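Visitor: The following file, target_18.tsv, comprises TSV, C-alpha atoms:
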```
chain	number	residue	atom	x	y	z
A	485	MET	CA	0.00	0.00	0.00
A	486	PRO	CA	1.40	3.47	-0.80
A	487	SER	CA	2.53	4.97	2.48
A	488	ASP	CA	0.86	8.01	4.03
A	489	ASN	CA	4.33	9.47	4.26
A	490	LEU	CA	4.63	9.36	0.47
A	491	ALA	CA	1.29	11.14	-0.03
A	492	ARG	CA	2.35	13.88	2.39
A	493	ARG	CA	5.70	14.24	0.65
A	494	LEU	CA	4.01	14.53	-2.74
A	495	GLU	CA	1.70	17.22	-1.37
A	496	PHE	CA	4.76	19.13	-0.21
A	497	VAL	CA	6.39	18.79	-3.65
A	498	ALA	CA	3.18	19.97	-5.35
A	499	GLU	CA	2.95	23.00	-3.06
A	500	LEU	CA	6.55	23.97	-3.70
A	501	LEU	CA	6.28	23.53	-7.47
A	502	ALA	CA	3.12	25.63	-7.50
A	503	GLY	CA	5.16	28.61	-6.32
A	504	ALA	CA	8.44	27.86	-8.04
A	505	GLY	CA	8.13	29.53	-11.44
A	506	PRO	CA	9.95	28.14	-14.48
A	507	LEU	CA	12.84	25.87	-13.46
A	508	PRO	CA	15.93	24.71	-15.37
A	509	LYS	CA	15.86	21.16	-16.74
A	510	GLU	CA	18.99	20.12	-14.85
A	511	PRO	CA	19.02	18.32	-11.49
A	512	LEU	CA	18.32	20.87	-8.78
A	513	LEU	CA	17.27	21.50	-5.20
A	514	LEU	CA	14.07	23.37	-4.44
A	515	TRP	CA	13.21	24.75	-1.02
A	516	ARG	CA	11.09	27.32	0.75
A	517	GLU	CA	12.67	30.15	2.66
A	518	THR	CA	11.29	31.37	5.96
A	519	GLY	CA	9.64	34.25	4.13
A	520	GLN	CA	7.70	31.62	2.13
A	521	SER	CA	9.48	32.42	-1.10
A	522	THR	CA	10.55	29.37	-3.10
A	523	ARG	CA	14.17	29.13	-4.24
A	524	HIS	CA	16.16	26.68	-6.28
A	525	ALA	CA	19.81	25.81	-6.85
A	526	VAL	CA	21.16	23.87	-9.81
A	527	ILE	CA	23.46	21.06	-8.70
A	528	GLY	CA	25.83	21.19	-11.65
A	529	HIS	CA	28.92	19.01	-11.24
A	530	GLU	CA	28.56	19.07	-7.48
A	531	LEU	CA	26.94	21.23	-4.84
A	532	ALA	CA	27.84	21.58	-1.17
A	533	VAL	CA	25.17	22.90	1.19
A	534	GLY	CA	25.78	24.41	4.62
A	535	ARG	CA	26.09	27.55	6.71
A	536	ASN	CA	29.38	28.51	5.13
A	537	THR	CA	30.29	26.52	2.06
A	538	GLY	CA	32.46	29.02	0.25
A	539	GLN	CA	31.86	30.51	-3.18
A	540	ARG	CA	30.87	27.38	-5.04
A	541	GLY	CA	28.33	26.01	-2.61
A	542	LEU	CA	24.89	26.89	-1.37
A	543	THR	CA	25.27	28.94	1.80
A	544	LEU	CA	22.32	29.31	4.15
A	545	ALA	CA	23.94	31.29	6.91
A	546	GLU	CA	20.78	31.88	8.93
A	547	ASP	CA	20.05	28.19	9.53
A	548	LYS	CA	21.78	27.38	12.82
A	549	GLY	CA	20.88	23.71	12.49
A	550	LEU	CA	23.23	23.34	9.53
A	551	SER	CA	26.91	22.60	9.85
A	552	ARG	CA	29.33	24.80	7.95
A	553	ARG	CA	29.55	22.17	5.22
A	554	HIS	CA	26.55	19.96	5.89
A	555	PHE	CA	26.09	17.78	2.84
A	556	LEU	CA	27.34	17.44	-0.70
A	557	ILE	CA	25.57	16.28	-3.85
A	558	ARG	CA	27.74	15.02	-6.68
A	559	HIS	CA	27.26	13.15	-9.92
A	560	ALA	CA	28.34	9.50	-9.83
A	561	ALA	CA	27.68	6.90	-12.51
A	562	GLY	CA	24.78	8.85	-14.01
A	563	SER	CA	23.02	9.50	-10.71
A	564	CYS	CA	23.17	12.23	-8.11
A	565	VAL	CA	24.59	10.99	-4.83
A	566	LEU	CA	24.18	12.80	-1.53
A	567	GLU	CA	26.93	12.55	1.07
A	568	ASP	CA	26.58	13.82	4.59
A	569	LEU	CA	29.78	15.70	5.43
A	570	LYS	CA	29.91	14.48	9.04
A	571	SER	CA	27.40	17.15	9.96
A	572	HIS	CA	26.55	17.72	13.61
A	573	ASN	CA	22.77	17.23	13.26
A	574	GLY	CA	22.85	14.78	10.40
A	575	THR	CA	21.02	14.57	7.07
A	576	ALA	CA	17.84	12.58	6.52
A	577	ILE	CA	15.99	11.50	3.39
A	578	ASN	CA	12.19	11.67	3.24
A	579	HIS	CA	11.68	11.10	6.96
A	580	PRO	CA	13.50	12.54	10.00
A	581	GLN	CA	14.41	9.02	11.16
A	582	GLN	CA	15.96	8.03	7.84
A	583	ARG	CA	19.43	9.38	8.52
A	584	VAL	CA	21.94	8.69	5.78
A	585	GLN	CA	25.66	8.94	5.26
A	586	GLN	CA	25.37	8.39	1.51
A	587	HIS	CA	22.29	8.07	-0.65
A	588	VAL	CA	21.53	7.80	-4.38
A	589	LEU	CA	18.90	10.49	-4.84
A	590	ARG	CA	15.58	9.80	-6.56
A	591	ASP	CA	13.43	12.33	-8.35
A	592	GLY	CA	11.15	13.86	-5.68
A	593	ASP	CA	13.28	12.90	-2.65
A	594	LEU	CA	13.09	15.25	0.32
A	595	ILE	CA	16.38	16.14	1.99
A	596	LEU	CA	16.04	17.18	5.62
A	597	ALA	CA	18.98	19.16	6.95
A	598	GLY	CA	18.95	21.80	9.69
A	599	SER	CA	15.58	23.54	9.57
A	600	HIS	CA	15.39	23.20	5.79
A	601	VAL	CA	13.52	20.68	3.68
A	602	PHE	CA	14.90	20.49	0.13
A	603	VAL	CA	13.17	18.76	-2.76
A	604	PHE	CA	15.52	17.02	-5.17
A	605	LEU	CA	14.23	17.21	-8.75
A	606	ASP	CA	15.76	15.44	-11.71
A	607	HIS	CA	14.02	15.17	-15.05
A	608	GLY	CA	16.38	12.38	-15.91
A	609	ARG	CA	16.96	13.51	-19.49
A	610	GLN	CA	20.68	13.10	-19.23
A	611	ARG	CA	20.29	9.38	-18.64
B	484	MET	CA	-9.63	-16.24	-14.24
B	485	ARG	CA	-9.73	-14.80	-17.70
B	486	ARG	CA	-10.94	-11.30	-17.06
B	487	ARG	CA	-8.72	-8.53	-18.28
B	488	VAL	CA	-8.88	-4.83	-17.70
B	489	ARG	CA	-9.40	-3.33	-21.10
B	490	VAL	CA	-7.63	-0.12	-21.92
B	491	ALA	CA	-10.15	1.99	-23.75
B	492	SER	CA	-9.71	5.31	-25.50
B	493	VAL	CA	-9.50	8.46	-23.45
B	494	ASN	CA	-12.36	10.91	-23.14
B	495	ALA	CA	-10.75	13.94	-24.73
B	496	ASP	CA	-13.35	16.32	-23.29
B	497	ASP	CA	-12.49	15.51	-19.69
B	498	PRO	CA	-11.36	18.79	-18.07
B	499	LEU	CA	-9.00	16.80	-15.82
B	500	LEU	CA	-6.96	15.93	-18.86
B	501	GLU	CA	-6.65	19.49	-20.09
B	502	PRO	CA	-2.99	20.51	-20.02
B	503	VAL	CA	-2.80	23.44	-17.63
B	504	PRO	CA	-0.29	26.12	-18.61
B	505	TYR	CA	2.09	27.30	-15.95
B	506	ALA	CA	0.98	30.22	-13.79
B	507	SER	CA	-2.67	29.97	-14.68
B	508	GLY	CA	-3.35	30.10	-10.95
B	509	ALA	CA	-5.33	26.85	-11.01
B	510	THR	CA	-3.34	25.20	-8.21
B	511	THR	CA	-6.39	23.40	-6.85
B	512	ILE	CA	-7.06	21.72	-10.18
B	513	TRP	CA	-3.44	20.59	-10.42
B	514	ASN	CA	-3.40	19.20	-6.91
B	515	ASP	CA	-6.72	17.45	-7.38
B	516	SER	CA	-5.48	16.00	-10.61
B	517	TRP	CA	-2.31	14.39	-9.22
B	518	ARG	CA	-4.27	13.12	-6.20
B	519	HIS	CA	-6.79	11.66	-8.60
B	520	ILE	CA	-4.07	9.71	-10.39
B	521	TYR	CA	-2.36	8.74	-7.11
B	522	ASP	CA	-5.57	7.47	-5.51
B	523	HIS	CA	-6.60	5.43	-8.53
B	524	PHE	CA	-3.29	4.03	-9.70
B	525	GLY	CA	-1.00	4.07	-6.66
B	526	HIS	CA	-1.60	0.39	-5.85
B	527	ALA	CA	-1.40	-0.66	-9.47
B	528	ILE	CA	1.89	1.15	-10.05
B	529	LEU	CA	3.39	-0.51	-6.94
B	530	ALA	CA	2.15	-3.93	-8.04
B	531	TYR	CA	3.47	-3.43	-11.58
B	532	ALA	CA	6.89	-2.37	-10.29
B	533	ARG	CA	7.06	-5.50	-8.10
B	534	GLN	CA	6.13	-7.67	-11.05
B	535	ARG	CA	9.03	-6.11	-12.92
B	536	GLY	CA	11.28	-7.50	-10.22
B	537	LEU	CA	11.66	-4.54	-7.87
B	538	ASN	CA	11.49	-4.91	-4.11
B	539	ASP	CA	8.98	-2.98	-1.99
B	540	HIS	CA	11.37	-0.11	-1.35
B	541	SER	CA	12.24	0.34	-5.03
B	542	ALA	CA	8.58	-0.05	-6.04
B	543	GLU	CA	7.75	2.92	-3.82
B	544	ASP	CA	10.62	4.81	-5.46
B	545	VAL	CA	8.91	4.17	-8.82
B	546	LEU	CA	5.61	5.48	-7.49
B	547	GLN	CA	7.37	8.55	-6.09
B	548	GLU	CA	9.12	9.23	-9.40
B	549	VAL	CA	5.97	8.70	-11.48
B	550	MET	CA	3.97	11.03	-9.27
B	551	THR	CA	6.74	13.63	-9.20
B	552	THR	CA	6.72	13.57	-13.01
B	553	VAL	CA	2.94	13.96	-13.03
B	554	ILE	CA	3.08	16.87	-10.57
B	555	ARG	CA	5.90	18.52	-12.52
B	556	SER	CA	3.98	18.20	-15.78
B	557	GLN	CA	0.89	19.71	-14.16
B	558	HIS	CA	3.02	22.68	-13.16
B	559	GLY	CA	4.45	23.18	-16.61
B	560	GLN	CA	7.92	22.01	-15.58
B	561	GLU	CA	7.97	19.05	-17.93
B	562	ALA	CA	6.40	18.04	-21.21
B	563	ALA	CA	2.84	17.53	-20.05
B	564	TYR	CA	0.19	15.29	-21.46
B	565	ASP	CA	-0.84	16.79	-24.78
B	566	ARG	CA	-4.18	15.78	-26.21
B	567	GLY	CA	-2.93	16.40	-29.71
B	568	ALA	CA	0.02	14.06	-29.25
B	569	GLY	CA	-1.84	10.99	-28.05
B	570	SER	CA	-3.98	9.57	-25.32
B	571	PHE	CA	-3.55	10.32	-21.65
B	572	GLN	CA	-3.13	6.68	-20.72
B	573	ALA	CA	-0.40	6.27	-23.33
B	574	TRP	CA	1.45	9.21	-21.79
B	575	LEU	CA	1.05	7.90	-18.24
B	576	TRP	CA	1.94	4.38	-19.31
B	577	GLY	CA	5.11	5.70	-20.91
B	578	VAL	CA	6.02	7.56	-17.70
B	579	ILE	CA	5.47	4.41	-15.61
B	580	ARG	CA	7.57	2.19	-17.86
B	581	ASN	CA	10.37	4.75	-18.10
B	582	ARG	CA	10.47	5.17	-14.36
B	583	VAL	CA	10.55	1.43	-13.71
B	584	ARG	CA	13.54	1.16	-16.05
B	585	SER	CA	15.17	4.20	-14.47
B	586	VAL	CA	14.82	2.81	-10.93
B	587	ARG	CA	16.15	-0.58	-12.04
B	588	ARG	CA	19.19	1.15	-13.53
B	589	LYS	CA	19.67	3.22	-10.38
B	590	ASP	CA	19.36	0.13	-8.19
B	591	ARG	CA	22.21	-1.44	-10.14
B	592	ARG	CA	24.26	1.73	-9.72
B	593	GLU	CA	23.38	1.87	-6.03
B	594	ASP	CA	24.64	-1.69	-5.61
B	595	ALA	CA	27.97	-0.48	-6.94
B	596	LEU	CA	28.13	2.22	-4.27
B	597	SER	CA	28.52	1.56	-0.58
B	598	PRO	CA	25.30	0.36	0.97
B	599	VAL	CA	23.35	2.96	2.89
B	600	LYS	CA	22.00	2.13	6.31
B	601	THR	CA	18.66	3.74	7.00
B	602	THR	CA	16.05	3.22	9.67
B	603	GLY	CA	12.31	3.02	9.08
B	604	ALA	CA	9.80	0.21	8.99
B	605	ASP	CA	8.01	-1.06	5.90
B	606	GLY	CA	5.00	-3.23	6.61
B	607	GLU	CA	4.17	-3.83	2.97
B	608	THR	CA	2.83	-7.27	2.08
B	609	ARG	CA	2.62	-8.72	-1.40
B	610	MET	CA	-0.62	-9.73	-3.00
B	611	GLN	CA	-0.78	-13.18	-4.50
B	612	LEU	CA	-2.31	-12.92	-7.93
B	613	PRO	CA	-4.64	-15.32	-9.62
B	614	GLU	CA	-3.41	-16.87	-12.85
B	615	LEU	CA	-4.05	-14.86	-15.98
B	616	PRO	CA	-3.68	-15.81	-19.62
B	617	GLN	CA	-0.12	-16.13	-20.83
B	618	ALA	CA	1.36	-12.91	-22.08
B	619	PRO	CA	2.31	-12.52	-25.71
B	620	PRO	CA	5.98	-13.24	-26.39
B	621	ASP	CA	6.94	-9.72	-27.42
B	622	PHE	CA	8.48	-7.46	-24.78
B	623	GLU	CA	5.92	-4.65	-25.05
B	624	GLY	CA	3.10	-7.16	-24.78
B	625	ARG	CA	4.67	-8.68	-21.69
B	626	GLU	CA	4.87	-5.30	-20.02
B	627	GLU	CA	1.27	-4.59	-20.96
B	628	ASP	CA	0.21	-7.91	-19.47
B	629	GLN	CA	2.08	-7.14	-16.26
B	630	TRP	CA	0.31	-3.81	-16.09
B	631	GLN	CA	-3.03	-5.58	-16.48
B	632	ARG	CA	-2.10	-7.89	-13.63
B	633	ALA	CA	-1.11	-4.89	-11.54
B	634	LEU	CA	-4.53	-3.31	-12.13
B	635	LEU	CA	-6.17	-6.56	-11.07
B	636	ALA	CA	-3.98	-6.71	-7.96
B	637	ALA	CA	-5.07	-3.18	-7.09
B	638	ALA	CA	-8.74	-4.17	-7.44
B	639	LEU	CA	-8.18	-7.30	-5.33
B	640	ARG	CA	-6.62	-5.20	-2.62
B	641	LYS	CA	-9.82	-3.14	-2.48
B	642	VAL	CA	-11.75	-6.38	-2.06
B	643	GLN	CA	-9.42	-7.33	0.78
B	644	GLU	CA	-10.10	-4.01	2.49
B	645	ARG	CA	-13.85	-4.48	2.33
B	646	VAL	CA	-14.36	-8.07	3.48
B	647	THR	CA	-13.21	-10.11	6.49
B	648	GLY	CA	-9.89	-11.89	6.37
B	649	GLU	CA	-11.64	-15.25	6.34
B	650	ASN	CA	-13.90	-14.29	3.43
B	651	TYR	CA	-10.97	-12.92	1.48
B	652	ALA	CA	-9.04	-16.15	2.04
B	653	ILE	CA	-12.06	-18.13	0.79
B	654	TYR	CA	-12.37	-15.96	-2.29
B	655	THR	CA	-8.69	-16.08	-3.25
B	656	ALA	CA	-8.66	-19.86	-2.73
B	657	LEU	CA	-11.54	-20.13	-5.19
B	658	LEU	CA	-9.88	-17.74	-7.65
B	659	GLU	CA	-6.66	-19.67	-7.59
B	660	GLU	CA	-8.61	-22.94	-7.76
B	661	LYS	CA	-6.78	-24.23	-4.72
B	662	ALA	CA	-9.94	-25.70	-3.23
B	663	THR	CA	-13.52	-26.51	-4.16
B	664	VAL	CA	-16.61	-24.99	-2.56
B	665	GLY	CA	-17.16	-28.21	-0.61
B	666	GLU	CA	-13.61	-28.34	0.69
B	667	LEU	CA	-13.71	-24.69	1.74
B	668	GLY	CA	-17.06	-25.24	3.45
B	669	ARG	CA	-15.61	-28.07	5.51
B	670	LEU	CA	-12.44	-26.12	6.24
B	671	HIS	CA	-14.29	-23.02	7.46
B	672	GLY	CA	-17.33	-24.76	8.96
B	673	LYS	CA	-19.73	-23.15	6.51
B	674	GLU	CA	-22.54	-24.43	4.30
B	675	PRO	CA	-21.81	-24.44	0.53
B	676	ASN	CA	-24.43	-21.71	0.10
B	677	ALA	CA	-22.45	-19.48	2.46
B	678	ILE	CA	-19.28	-20.09	0.46
B	679	HIS	CA	-21.15	-19.18	-2.74
B	680	ALA	CA	-22.46	-16.04	-1.05
B	681	VAL	CA	-18.89	-15.02	-0.12
B	682	LYS	CA	-17.77	-15.65	-3.67
B	683	HIS	CA	-20.57	-13.57	-5.15
B	684	ARG	CA	-20.06	-10.71	-2.74
B	685	CYS	CA	-16.31	-10.57	-3.43
B	686	GLU	CA	-16.93	-10.91	-7.16
B	687	LYS	CA	-19.33	-7.98	-7.06
B	688	ILE	CA	-16.81	-5.79	-5.24
B	689	LEU	CA	-14.02	-6.87	-7.59
B	690	MET	CA	-16.05	-6.02	-10.69
B	691	SER	CA	-17.08	-2.68	-9.21
B	692	GLU	CA	-13.44	-1.82	-8.44
B	693	LEU	CA	-12.29	-2.92	-11.89
B	694	ARG	CA	-14.95	-0.68	-13.45
B	695	ALA	CA	-13.76	2.24	-11.28
B	696	ILE	CA	-10.15	1.62	-12.30
B	697	ARG	CA	-11.17	1.37	-15.94
B	698	ARG	CA	-13.10	4.63	-15.72
B	699	ALA	CA	-10.13	6.31	-14.06
B	700	TRP	CA	-7.78	4.92	-16.69
B	701	GLU	CA	-10.03	6.36	-19.34
B	702	GLY	CA	-9.96	9.67	-17.49
B	703	ARG	CA	-13.64	9.77	-16.71
B	704	ALA	CA	-13.73	9.10	-13.00
B	705	LYS	CA	-14.09	11.66	-10.20
```
Please render this file's structure as structure tokens.
Guide:
Amino acid sequence: MPSDNLARRLEFVAELLAGAGPLPKEPLLLWRETGQSTRHAVIGHELAVGRNTGQRGLTLAEDKGLSRRHFLIRHAAGSCVLEDLKSHNGTAINHPQQRVQQHVLRDGDLILAGSHVFVFLDHGRQR
Amino acid sequence: MRRRVRVASVNADDPLLEPVPYASGATTIWNDSWRHIYDHFGHAILAYARQRGLNDHSAEDVLQEVMTTVIRSQHGQEAAYDRGAGSFQAWLWGVIRNRVRSVRRKDRREDALSPVKTTGADGETRMQLPELPQAPPDFEGREEDQWQRALLAAALRKVQERVTGENYAIYTALLEEKATVGELGRLHGKEPNAIHAVKHRCEKILMSELRAIRRAWEGRAK
């Protein structure tokens, strides 16, 4: 039976996409800021996310639950792979209890890190 | 059991199937539409993915990816269903098959990476299907047959939800021809008439659910 958790996740994805505007076709992260605006970041070759990731990462300085370099998403064998960078509070996929060290991301996965919930979107056209 | 769920042509006038351009402001219609597809085909997509050899976890990944594609198309982020280009069910069927293949490929890649330890319980149980006619030898036909079986599995699950465990066991035993009415009567301490009554009740529910699935597949339900 499809889990209730999946239905709730899909509702969240639908809500975010409703306010996202046109998005690039590449793999990306989508999230909602505290001011309710929806933002996205293209992953490119790789993308680090944290409170202070340097110039090439996604920096979310206001989120005290994030480590300086919290997690990294990189391309590996045609997929996007998330790696937790030994963050203090950990990174979870789809459910707060599903903590991961490394995870092959699926289209529509939710990434829970700090106080943020990111949606991973991948049209899969490069495959 | 020789019933098959027929895939009929789509009702092109159904407003649910109208491609909605981005930023039209019709968020409610979009959300209703993906929920409509999720509610009607969620079980069938899971069952189909399992028949294609995926485990429960990967089958749910397929459902997630199919529904994410549907949601994205409803929000203008992906090539949406286009009435001029073909039927809705052909579009959805293509999405389902592509996503099953994609998850199978990713599973193979994932095996090559270090295994990931996650917590979380999965209480999913697998439905045992009655025998259906042999699928045609061609690959596309085999996939189509598996999809038909998945739709039947989804309808049987609805039967299971609506009758007692004992009655469902009686019905599936009859469907799979594992026992006769007399044998089941003796096993369950029931008169043959009671076994027939169970069979007819379950049959009625099954047919009703198959009709609902067929209507939804044709885009007419709701």
Visitor: Which residue out of A:Leu596, A:Ile557, A:Ala532, A:Val497 has the minimum interatomic distance to Asn578 in chain A when only C-alpha atoms are used?
Guide: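 Nearest candidate to Asn578 in chain A out of A:Leu596, A:Ile557, A:Ala532, A:Val497: A:Leu596.
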Visitor: What does the distance from CA of Arg697 in chain B to CA of Gly577 in chain B come to in Å, to one decimal?
Guide: 17.6 Å
Visitor: So that I can see what lies close to range 546-550 of chain B, please list as a PyMOL selection string the residues with an atom at most 7 Å from it, counting only C-alpha atoms and leaving out residues fewer than 2 positions away in the same chain.
Guide: (chain A and resi 591-592) or (chain B and resi 525+528-529+542-544+552-554+578-579+582)
Visitor: Can you tell me how far CA of Ala638 in chain B sits from CA of Ala695 in chain B, in Å to one decimal?
Guide: 9.0 Å
Visitor: Go through B:Glu644, B:Glu660, B:Glu674, B:Glu626 and flag the residue nearest chain A, using all atoms listed in the file for the distances.
Guide: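 Distance minimum relative to chain A lands on B:Glu644.
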Visitor: Pick out the closest residue to chain A from this set: B:Tyr654, B:Trp576, B:Tyr521, B:Tyr531. Count only C-alpha atoms.
Guide: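 Among the listed residues, B:Tyr521 lies closest to chain A.
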Visitor: What's around His600 in chain A at 8 Å? Count all atoms listed in the file, leave out sequence neighbours fewer than 6 positions away in its own chain, and write the answer as a count of residues only.
Guide: 3
Visitor: What is the distance between CA of Gly505 in chain A and CA of Ile595 in chain A, in Å to one decimal?
Guide: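 Spanning CA of Gly505 in chain A to CA of Ile595 in chain A is a straight-line distance of 20.7 Å.
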Visitor: Looking at A:Thr537, A:Ser563, A:Leu569, A:Gly528, which one is nearest to chain B, with distances taken over all atoms listed in the file?
Guide: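 Nearest to chain B: A:Ser563.
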Visitor: Which chain A residues are at most 7 Å from chain B (counting all atoms listed in the file), as a VMD selection string?
Guide: chain A and resid 485 to 486 498 501 to 502 506 to 507 561 581 to 588 591 to 592
Visitor: Where atoms are absent from range 543-562 of chain A, fill them in so it carries N, CA and C atoms, then output it as a compact mmCIF listing (two decimals), in the frame of the given file.
Guide:
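Output saved as part-v5.txt:
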```txt
# COMPACT_ATOMS: atom_id res chain seq x y z
N THR A 543 25.11 28.50 0.41
CA THR A 543 25.27 28.94 1.80
C THR A 543 23.95 29.46 2.34
N LEU A 544 23.55 28.89 3.48
CA LEU A 544 22.32 29.31 4.15
C LEU A 544 22.72 29.69 5.57
N ALA A 545 23.27 30.88 5.67
CA ALA A 545 23.94 31.29 6.91
C ALA A 545 22.98 31.39 8.10
N GLU A 546 21.73 31.64 7.82
CA GLU A 546 20.78 31.88 8.93
C GLU A 546 20.29 30.60 9.60
N ASP A 547 20.55 29.46 8.98
CA ASP A 547 20.05 28.19 9.53
C ASP A 547 21.09 27.62 10.52
N LYS A 548 20.81 27.80 11.79
CA LYS A 548 21.78 27.38 12.82
C LYS A 548 21.84 25.87 12.98
N GLY A 549 20.88 25.18 12.41
CA GLY A 549 20.88 23.71 12.49
C GLY A 549 21.82 23.07 11.49
N LEU A 550 22.31 23.88 10.55
CA LEU A 550 23.23 23.34 9.53
C LEU A 550 24.67 23.44 10.00
N SER A 551 25.47 22.49 9.64
CA SER A 551 26.91 22.60 9.85
C SER A 551 27.48 23.51 8.76
N ARG A 552 28.74 23.89 8.95
CA ARG A 552 29.33 24.80 7.95
C ARG A 552 29.31 24.17 6.55
N ARG A 553 29.74 22.95 6.46
CA ARG A 553 29.55 22.17 5.22
C ARG A 553 28.75 20.94 5.63
N HIS A 554 27.48 20.96 5.32
CA HIS A 554 26.55 19.96 5.89
C HIS A 554 26.45 18.71 5.02
N PHE A 555 26.12 18.93 3.75
CA PHE A 555 26.09 17.78 2.84
C PHE A 555 26.53 18.21 1.45
N LEU A 556 26.85 17.20 0.66
CA LEU A 556 27.34 17.44 -0.70
C LEU A 556 26.55 16.55 -1.65
N ILE A 557 26.18 17.10 -2.80
CA ILE A 557 25.57 16.28 -3.85
C ILE A 557 26.51 16.29 -5.04
N ARG A 558 26.82 15.11 -5.54
CA ARG A 558 27.74 15.02 -6.68
C ARG A 558 27.20 13.99 -7.67
N HIS A 559 27.64 14.13 -8.90
CA HIS A 559 27.26 13.15 -9.92
C HIS A 559 28.16 11.93 -9.79
N ALA A 560 27.56 10.74 -9.86
CA ALA A 560 28.34 9.50 -9.83
C ALA A 560 27.60 8.47 -10.64
N ALA A 561 28.24 7.97 -11.67
CA ALA A 561 27.68 6.90 -12.51
C ALA A 561 26.27 7.24 -13.00
N GLY A 562 26.07 8.47 -13.42
CA GLY A 562 24.78 8.85 -14.01
C GLY A 562 23.70 9.20 -13.01
```
